[in-house]
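Asks: Got a structure here, written out as structure tokens. Questions coming.
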Amino acid sequence: MDESIAILRAHEPAEGYYLAFSGGKDSIVLYRLAEMAGVKFDAHYNVTTIDPPELVRFIRREYPAVAWDRPPRSFFSEVEVQGLPTRLNRWCCEHLKEAGGRGRLVAVGVRAEESPARRKRGVLDDCPNVAAKVVLNPILRWKHSEVWEFIRAQSLPYCELYDQGWRRLGCVCCPYGSVAVRQRGLERWPGIFAAILRALHRRWPTRPLSWRRWRTPETMFEWWLSDERAPDDRQSRNAAPIWVTPPMLEE
């Protein structure tokens, strides 16, 4: 904690930090540390339009001072243009989460423990995806257990989804999530997945050539949820569904 506060104080810009706030456990720790450090900051929630409703309500209720930065187009409208996001084409983060804070020093709640890529980051880094944006990672070396110890010690409110078995929060259909996590999200928030399928249906009559390896919007959607490799054109003609789509998602 002391080291993180010292980092925030040492790098404080004259205009204050752009504090990236997602409503997740790491960002509420970062928010509290910025308050304890006494540094100037303005917190921003980048509205993805596909965050869990419980998380959105939590931010609105517990953090009214956070600014809501809304994208030009919703995730569903972007699907009609970009297609479905994948691990190799993660346009969703670029368009919905990382655009804010250009020209600012952005404080984020990234931790090295979360992924091999994040272990390579430094406390002060250029943003890997957005030019003219520098990122400060004050809690980079914190462990998962330390985050929860701090939350409990400070009596910080947190989203109830953590108490319901969700280890990480964020976009309901993140391509980095496992098939099991996406299945669980599908069961919990079927309306979000239904809206994604409707977006595919809207674009289908004028779909690009790369989409034509799938016979229907449903088979494309099922592939996306499955983590299977995309079929080639010959496979797609005879491909059987690989995901059981609940009746509520049917047109």
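In the structure tokens, the first chain shown is A, the next is B, and so on; residue numbers restart at 1 for each chain, and ligands run from 1 in the order shown.
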Excluding range 39-50 of chain A and any residue of its chain fewer than 4 positions from it, enumerate the residues within 6 Å of it, using only C-alpha atoms, and give them as a list in words.

Replies: Gly16, Tyr17, Tyr18, Leu19, Ala20, Phe21, Ser22, Ala34, Val66, Ala67, Trp68, Asp69, Arg70, Ser74, Leu96, Lys97, Cys171 and Val172 of chain A

Asks: Mind checking which residues fall within 9 Å of Trp189 in chain A, counting only C-alpha atoms, ignoring those fewer than 5 positions away in the same chain, and posting them as a list in words?

Replies: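 Surrounding residues, per the criterion: Pro52, Pro53, Val172 and Arg184 of chain A.
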
Asks: Could the residues in this selection be written to a file with C-alpha atoms, as a PDB file, in the first residue's frame?

Replies:
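again_33.pdb was written with the following content:
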ATOM      1  CA  PRO A  52     -22.882  -6.991 -16.425  1.00  0.00           C
ATOM      2  CA  PRO A  53     -25.957  -4.984 -15.366  1.00  0.00           C
ATOM      3  CA  VAL A 172     -19.888 -10.350 -20.491  1.00  0.00           C
ATOM      4  CA  ARG A 184     -22.080 -19.155 -17.551  1.00  0.00           C
TER       5      ARG A 184
END

Asks: Select, from A:Val106, A:Gly165, A:Arg182, A:Glu80, the residue with the minimum atom-to-atom distance to Pro217 in chain A, counting only C-alpha atoms.

Replies: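 Result for the nearest residue to Pro217 in chain A: A:Glu80.
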
Asks: Kindly indicate which residue among A:Val147, A:Ala107, A:Leu209, A:Ala153 lies nearest to Val134 in chain A, using only C-alpha atoms for the distances.

Replies: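 Counting only C-alpha atoms, the residue closest to Val134 in chain A is A:Ala107.
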
Asks: What parts of range 8-225 of chain A does DSSP call strand (DSSP E)? I'd like the answer as a ChimeraX atom specification.

Replies: /A:17-20,41-46,67-69,105-107,124-126,134-136

Asks: Go ahead and write the residues just picked, N, CA and C atoms, as a PDB file, in the first residue's frame.

Replies:
ATOM      1  N   TYR A  17      -4.396  12.879 -12.633  1.00  0.00           N
ATOM      2  CA  TYR A  17      -4.495  11.621 -13.372  1.00  0.00           C
ATOM      3  C   TYR A  17      -5.860  11.459 -14.042  1.00  0.00           C
ATOM      4  N   TYR A  18      -5.841  10.807 -15.186  1.00  0.00           N
ATOM      5  CA  TYR A  18      -7.049  10.212 -15.753  1.00  0.00           C
ATOM      6  C   TYR A  18      -7.081   8.811 -15.148  1.00  0.00           C
ATOM      7  N   LEU A  19      -8.004   8.559 -14.233  1.00  0.00           N
ATOM      8  CA  LEU A  19      -8.060   7.276 -13.543  1.00  0.00           C
ATOM      9  C   LEU A  19      -9.081   6.383 -14.232  1.00  0.00           C
ATOM     10  N   ALA A  20      -8.595   5.288 -14.801  1.00  0.00           N
ATOM     11  CA  ALA A  20      -9.471   4.351 -15.518  1.00  0.00           C
ATOM     12  C   ALA A  20     -10.201   3.485 -14.495  1.00  0.00           C
ATOM     13  N   PHE A  41      -7.120  13.697  -9.390  1.00  0.00           N
ATOM     14  CA  PHE A  41      -7.501  12.743 -10.424  1.00  0.00           C
ATOM     15  C   PHE A  41      -8.958  12.943 -10.799  1.00  0.00           C
ATOM     16  N   ASP A  42      -9.273  12.534 -12.010  1.00  0.00           N
ATOM     17  CA  ASP A  42     -10.667  12.440 -12.439  1.00  0.00           C
ATOM     18  C   ASP A  42     -10.871  11.015 -12.948  1.00  0.00           C
ATOM     19  N   ALA A  43     -11.859  10.335 -12.383  1.00  0.00           N
ATOM     20  CA  ALA A  43     -12.095   8.926 -12.694  1.00  0.00           C
ATOM     21  C   ALA A  43     -13.097   8.796 -13.833  1.00  0.00           C
ATOM     22  N   HIS A  44     -12.838   7.840 -14.731  1.00  0.00           N
ATOM     23  CA  HIS A  44     -13.671   7.645 -15.916  1.00  0.00           C
ATOM     24  C   HIS A  44     -14.026   6.183 -16.092  1.00  0.00           C
ATOM     25  N   TYR A  45     -15.300   5.926 -16.318  1.00  0.00           N
ATOM     26  CA  TYR A  45     -15.787   4.596 -16.651  1.00  0.00           C
ATOM     27  C   TYR A  45     -16.093   4.581 -18.141  1.00  0.00           C
ATOM     28  N   ASN A  46     -15.363   3.758 -18.887  1.00  0.00           N
ATOM     29  CA  ASN A  46     -15.618   3.617 -20.313  1.00  0.00           C
ATOM     30  C   ASN A  46     -16.767   2.636 -20.509  1.00  0.00           C
ATOM     31  N   ALA A  67     -16.987   9.778 -14.047  1.00  0.00           N
ATOM     32  CA  ALA A  67     -17.543  10.206 -15.338  1.00  0.00           C
ATOM     33  C   ALA A  67     -17.785   8.988 -16.224  1.00  0.00           C
ATOM     34  N   TRP A  68     -18.899   9.012 -16.962  1.00  0.00           N
ATOM     35  CA  TRP A  68     -19.225   7.911 -17.873  1.00  0.00           C
ATOM     36  C   TRP A  68     -18.865   8.340 -19.295  1.00  0.00           C
ATOM     37  N   ASP A  69     -17.864   7.698 -19.864  1.00  0.00           N
ATOM     38  CA  ASP A  69     -17.443   8.007 -21.231  1.00  0.00           C
ATOM     39  C   ASP A  69     -18.094   7.006 -22.181  1.00  0.00           C
ATOM     40  N   LEU A 105      -1.766  11.203 -18.418  1.00  0.00           N
ATOM     41  CA  LEU A 105      -1.158  10.112 -17.671  1.00  0.00           C
ATOM     42  C   LEU A 105      -2.306   9.335 -17.047  1.00  0.00           C
ATOM     43  N   VAL A 106      -2.467   8.096 -17.468  1.00  0.00           N
ATOM     44  CA  VAL A 106      -3.631   7.287 -17.105  1.00  0.00           C
ATOM     45  C   VAL A 106      -3.234   6.295 -16.013  1.00  0.00           C
ATOM     46  N   ALA A 107      -3.891   6.376 -14.876  1.00  0.00           N
ATOM     47  CA  ALA A 107      -3.669   5.427 -13.783  1.00  0.00           C
ATOM     48  C   ALA A 107      -4.639   4.270 -13.946  1.00  0.00           C
ATOM     49  N   LEU A 124       5.589   2.397 -15.084  1.00  0.00           N
ATOM     50  CA  LEU A 124       5.255   3.479 -16.014  1.00  0.00           C
ATOM     51  C   LEU A 124       5.500   2.975 -17.423  1.00  0.00           C
ATOM     52  N   ASP A 125       4.466   2.996 -18.252  1.00  0.00           N
ATOM     53  CA  ASP A 125       4.537   2.391 -19.581  1.00  0.00           C
ATOM     54  C   ASP A 125       3.800   3.237 -20.601  1.00  0.00           C
ATOM     55  N   ASP A 126       4.250   3.134 -21.862  1.00  0.00           N
ATOM     56  CA  ASP A 126       3.416   3.627 -22.952  1.00  0.00           C
ATOM     57  C   ASP A 126       2.266   2.657 -23.127  1.00  0.00           C
ATOM     58  N   VAL A 134       0.172   7.568 -21.865  1.00  0.00           N
ATOM     59  CA  VAL A 134       1.115   6.941 -20.944  1.00  0.00           C
ATOM     60  C   VAL A 134       0.331   6.369 -19.770  1.00  0.00           C
ATOM     61  N   VAL A 135       0.705   5.184 -19.332  1.00  0.00           N
ATOM     62  CA  VAL A 135      -0.043   4.462 -18.317  1.00  0.00           C
ATOM     63  C   VAL A 135       0.803   4.265 -17.068  1.00  0.00           C
ATOM     64  N   LEU A 136       0.200   4.517 -15.926  1.00  0.00           N
ATOM     65  CA  LEU A 136       0.831   4.258 -14.633  1.00  0.00           C
ATOM     66  C   LEU A 136       0.125   3.076 -13.983  1.00  0.00           C
TER      67      LEU A 136
END

Asks: Measuring atom to atom with only C-alpha atoms, identify which of A:Leu225, A:Ile139, A:Ala194, A:Val29 is nearest to Ile7 in chain A.

Replies: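 Counting only C-alpha atoms, the residue closest to Ile7 in chain A is A:Ile139.
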
Asks: If I take CA of Asp51 in chain A and CA of Cys174 in chain A, how far is one from the other in Å, to one decimal?

Replies: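 Atom-to-atom, CA of Asp51 in chain A and CA of Cys174 in chain A are spaced 9.8 Å apart.
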
Asks: So that I can check the secondary structure, give me every residue of range 29-245 of chain A assigned helix (DSSP H, G or I) by backbone DSSP, as an NGL selection string.

Replies: :A and (29-37 or 53-62 or 75-82 or 91-96 or 112-114 or 116-119 or 144-153 or 160-164 or 179-188 or 190-206 or 209-213 or 217-226 or 233-238)

Asks: Counting only C-alpha atoms, which of A:Pro71, A:Pro116, A:Pro190, A:Pro85 gets nearest to Pro175 in chain A?

Replies: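 Among the listed residues, the smallest separation from Pro175 in chain A belongs to A:Pro85.
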
Asks: List the neighbours of Arg118 in chain A out to 12 Å using only C-alpha atoms; skip same-chain residues closer than 4 positions along the sequence, and give me the result as a CSV table (one decimal) with C-alpha atoms, in the first residue's frame.

Replies:
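Dumped to selection-v4.csv:
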chain,number,residue,atom,x,y,z
A,109,GLY,CA,-5.5,-1.1,-11.9
A,110,VAL,CA,-3.4,-3.6,-13.9
A,111,ARG,CA,-1.6,-6.3,-11.9
A,112,ALA,CA,1.3,-8.5,-13.2
A,113,GLU,CA,-0.3,-11.6,-11.6
A,114,GLU,CA,-3.2,-11.5,-14.1
A,122,GLY,CA,6.6,-1.6,-15.9
A,123,VAL,CA,5.2,0.7,-13.4
A,125,ASP,CA,4.5,2.4,-19.6
A,127,CYS,CA,0.0,2.3,-23.7
A,128,PRO,CA,0.5,-0.7,-26.0
A,137,ASN,CA,0.4,0.9,-12.9
A,139,ILE,CA,-0.7,-1.8,-8.0
A,140,LEU,CA,1.2,-3.8,-10.6
A,141,ARG,CA,2.9,-6.1,-8.0

Asks: Under the rule that only C-alpha atoms are counted, which of A:Trp214, A:Phe76, A:Tyr158, A:Trp223 is the nearest residue to Leu197 in chain A?

Replies: A:Phe76

Asks: Just how far from CA of Glu35 in chain A is CA of Pro13 in chain A, in Å to one decimal?

Replies: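 Between these atoms lies a distance of 15.1 Å.
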
Asks: Between A:Ile151, A:Leu200, A:Leu8, A:Ala195, which residue has the minimum interatomic distance to Val81 in chain A, considering only C-alpha atoms?

Replies: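 When distances to Val81 in chain A are compared using only C-alpha atoms, the smallest one comes from A:Leu200.
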